[in-house]
Every structure is written in C-alpha cells, then in structure tokens.
Amino acid sequence: MPPRSRSSLRRVLLWSIVGASVGAVVLTALVTVGLTRIGAPQRTIDALRGEASNIADVASGLPCTDVNRPALLARQLGARARFVPDGSQRFLSRVTQDEGRAVILGRDVYFAAVPATICGRTGKLFVFTAVRDAPVLPVGFGRRLLLAGLIALGGSAAIAYALARRMSRPLLELAEAARTFNVPAAPADSDPLEVAELKESFAGMVTDLRDARDREKTFLLSISHELRTPLTAIRGYAEALADGTARRPRQAGEVMLGESKRLERLVQDLLDLGRIEAGEFSIDPRRVDLRDVAASVVDALRPIAKEQDVALVLDAPKAVVVRTDPDRVHQMIANLVENAMRVTPAKRSVHVEVADDCVRVRDEGPGLDAQDLAHAFERFYLWRRYRGDRPVGTGLGLAIVGELARRLDVKMSIDSDGKNGTSFEMHFDGS
C-alpha cells in the first residue's frame, strides 16, 4: 500500500484558521439575518409611524374645499393613508390601538395612527401597508453583509497565513536540525514560550546525543585496546609454546593465565555494566547492617591485600542499619576497595569505615586531581588519564559503582587533594 501523502503543518494551520473564520462569518451572518428578520415588524411599524407624522403635517395644510368628499381626500392623502374624524362610524374608527398588526377590510396589514387636524376637524390619521409587502431586511442589507463577509474572510486569510508561517517556521528549523544532527538556532525574542522551550530542549537533547556518541566511540576504542593487549600476549606465548621456541614454559603459562584472568575480569565488568544499564538485574532491598556487609568485603579481599603487602583496615564501631540490597552494596564496596588497593603502595593501608549511614573507602595512594573528581565514575576516564603513570584496572570498576549507586539511590562523593590519597563515600538513606 503506497504511503499516504501528508499535508504540511503550514497548510493545515492555514486551512484550519480560514475554515474557522468562514464558519464564524457564516454563523454571524445567519444570526444577523435572523435577528434582523425578528425585528422587521417593529421596523416597519416605526417607519409607518414616521410616515403618518409627516403626512399629518402635510395634510394640515391641504385646501379645505370639498374636504367632505372622501375620494378627494383619499387622492390628496395617498392610497396608504386614511383620515378618520372623531365620531366617524367608519370601520377604522373601531380600531383602538395606535399601531400594530391587524386585519382591516380583509387585508393583513401593519398600521400606525397619529392624531391629526385637517380643515378644523380632529381625528386620527392611519398609515398602513400589507404584511406581504413589508420588507424583511433593510434596503441594501444583503450587499453590505456580503461586503463585510468578504472583508472579514480576506483579513482572516492574511492573518492565518502569517500565523501559520510563524508557527511552522521553528518546526521546520527543528526538522532540518534533526536531519543534519545539528544544534538548532537559539530561540528568537519573537518565539512563543512553548516554541522557545522546545528549541532549548531539542538543543539539549542533540548535545547529550553528541556526547553519548563521542563516549561510545571512546568506549569502543578503549575496549578494543584493552582486548587487543592481553590477546596479543596470549597469542604470542601460545605460538611460542606450540612451535617449541618458548624457553620458559612455566613463565609463559603464568603470563597467559594472568592475561586470561584480565580478559575474564574485563568481560565480566562489561556484562555487569550492560545488565545494569539495561535494567536486567534484580534489586532486593531489605534492612541490613552496613557493618556486616563491609566486614564480608574485607574478609574476602584480605588475601589479595596480603599478597600486595597492603593493610586492609575495617573501622566499624557500631551497627548501621539501612534498607538496601546487600549484594549490590557488597559489589560496590568491593570495587572501591580493589581500586584503592591497586593504587596504594606496599606497606600502606586501605581503610574501610562505617558510620552515620555512610561507608567510606580511603586509600593512601597518590590521590586525584581536582579536575578528575567530577569524571571519576565515567568509563575509562581514570584509565586513560593515569595509564602508564600508576596501576590501573579495566577502567570499568568505578563506572559500575556509579551505575549501581544511581539504581540504589546511593549518593556518592569523592574527596582528594591530589597528594594524600583519595576517599570515596557512599551515603545511604537511613529509613
């Protein structure tokens, strides 16, 4: 099925506003005509009253010769006017109202009567017209209404075009920015509030996507380098063992074993980080004592610390009970302690302290510069920053800690003066 052609927003807005204007004009015209028709009888009677007053004024000056002759008086007053003297027995003398609608001599008429004196005789002067002959609308009303409608439609079309163009222009700019993946122009002073907010939000989104894309490129490059180094070592020693040129097979095996463990740790970190970001890991919050979790981490890592000749010190004088997932917290503390042991020189100490809803891991290594503190939990940041200068891991341990902290609502903070070690703090909600 072929795709349906779409109308532009400008066209939709233009025709919508013009259509609404046409509807408003037509509705206004119908209401105006209806109200005008309702008021037609009263307008006719008002006109008859004015005509009767004028005729009465003129009739008062008529010559009085043969004034008693009805035919002559009728010719002088006109076919639509009748003078009824006081005391007359004519049919009109029985009409008590001064104006209105009545059936007179079998005719349905509108009429109006005013007092008049003609040739010294007082009475009433009637002026009437047939109902069917009375105009429903004022003279020229249709032309004026049509002209007003055309002016309104023309004005609304011009306003609709300008408004549609103004509203569609920023959206077209955003569409072009999306196609080219560029940050849109800053909001203009004439842009409505919603359009300005949309532009700012879109600009922020493009900036975030660019940063994410750059981080992804850096991540892939770093991973490629990290995988290539141990694989190269393993392949080299494996080839030497295979062709019999390895002079120290035991040393070759130890190197291959160490590099394999490094690869295993890197792959495991990647899997853990991927599961965390994808939300494919469970959280089982319950009330736990942070002192017990920290103690289990210290007991598990003490043999490694002994091999590195680093003292692992636990300072947890009292119980600190919080509601969290003990397994995830164990993983976070373990990553921090391993990172601390890696940078701590021999004969120095790594301290794990638990107090006041906080777990602090403090090392006695070279510390971090002030510019590193805001980026320490980014993937491979410290690995790229300090590789070659100090021992580094896979570059993902602190990133895993940062992701777990966000998932568990644990607030992380780092303190270092760049010389005397680094302190990582995990702040828990005590509820």
# chains A, B, ... in the order shown; residues from 1 in each chain; ligands from 1
>>> residues_around(residues="stretch 332-341 of chain A", least_positions_apart="6", cutoff="9 Å", atoms="only C-alpha atoms", output="ChimeraX atom specification")
/A:293-294,297-298,300-301,304-305,308,310-312,349-352,359-365,392-393,397-398,400-402,404-405,421-422,424,426
>>> residues_around(residues="A:Gly61", least_positions_apart="4", cutoff="10 Å", atoms="only C-alpha atoms", output="PDB file with C-alpha atoms, in the first residue's frame")
ATOM      1  CA  ALA A  56     -50.334  64.629   9.190  1.00  0.00           C
ATOM      2  CA  ASP A  57     -48.100  67.663   8.999  1.00  0.00           C
ATOM      3  CA  THR A 117     -56.351  68.034  12.459  1.00  0.00           C
ATOM      4  CA  ILE A 118     -57.451  68.568   8.910  1.00  0.00           C
ATOM      5  CA  CYS A 119     -59.644  71.574   7.968  1.00  0.00           C
TER       6      CYS A 119
END
>>> select_by_dssp(residues="stretch 258-415 of chain A", states="strand (DSSP E)", output="PyMOL selection string")
chain A and resi 286-289+311-315+321-324+349-355+358-362+411-415
>>> atom_distance(atom1="atom CA of A:Gly23", atom2="atom CA of A:Leu150")
12.8 Å
>>> closest_residue(among="A:Asp356, A:Asp325, A:Arg291, A:Ile17", to="A:Ile159", atoms="only C-alpha atoms")
A:Ile17
>>> closest_residue(among="A:Ala116, A:Ala24, A:Val131, A:Val103", to="A:Ile45", atoms="only C-alpha atoms")
A:Val131
>>> atom_distance(atom1="atom CA of A:Gly258", atom2="atom CA of A:Ile234")
9.3 Å
>>> closest_residue(among="A:Arg101, A:Val114, A:Val127, A:Gly142", to="A:Val33", atoms="only C-alpha atoms")
A:Gly142
>>> atom_distance(atom1="atom CA of A:Leu193", atom2="atom CA of A:Ser156")
23.9 Å
>>> residues_around(residues="A:Phe83", least_positions_apart="4", cutoff="7 Å", atoms="only C-alpha atoms", output="NGL selection string")
:A and (123-126)
>>> residues_around(residues="A:Thr129", least_positions_apart="3", cutoff="9 Å", atoms="only C-alpha atoms", output="list in words")
Thr44, Leu48, Arg80, Asp108, Val109, Tyr110, Phe111, Arg132, Asp133 and Ala134 of chain A
>>> residues_around(residues="A:Leu368", least_positions_apart="4", cutoff="9 Å", atoms="only C-alpha atoms", output="ChimeraX atom specification")
/A:372-373,376,415-422
>>> write_last_selection(atoms="C-alpha atoms", output="mmCIF file, in the first residue's frame")
data_model
loop_
_atom_site.group_PDB
_atom_site.id
_atom_site.type_symbol
_atom_site.label_atom_id
_atom_site.label_comp_id
_atom_site.auth_asym_id
_atom_site.auth_seq_id
_atom_site.Cartn_x
_atom_site.Cartn_y
_atom_site.Cartn_z
ATOM 1 C CA ASP A 372 39.219 14.264 37.992
ATOM 2 C CA LEU A 373 36.629 14.289 40.762
ATOM 3 C CA ALA A 376 35.875 9.571 38.167
ATOM 4 C CA ASP A 415 37.462 13.816 48.356
ATOM 5 C CA SER A 416 41.111 14.161 47.370
ATOM 6 C CA ASP A 417 43.752 16.851 47.494
ATOM 7 C CA GLY A 418 45.816 15.247 44.728
ATOM 8 C CA LYS A 419 48.608 14.195 47.083
ATOM 9 C CA ASN A 420 47.496 12.262 50.155
ATOM 10 C CA GLY A 421 45.137 9.593 48.886
ATOM 11 C CA THR A 422 41.508 9.539 47.893
#
>>> residues_around(residues="A:Arg323", least_positions_apart="5", cutoff="12 Å", atoms="only C-alpha atoms", output="list in words")
Ile283, Asp284, Pro285, Arg286, Arg287, Val288, Asp289, Leu290, Val329, Asp357, Leu408, Asp409, Val410, Phe428, Asp429, Gly430 and Ser431 of chain A
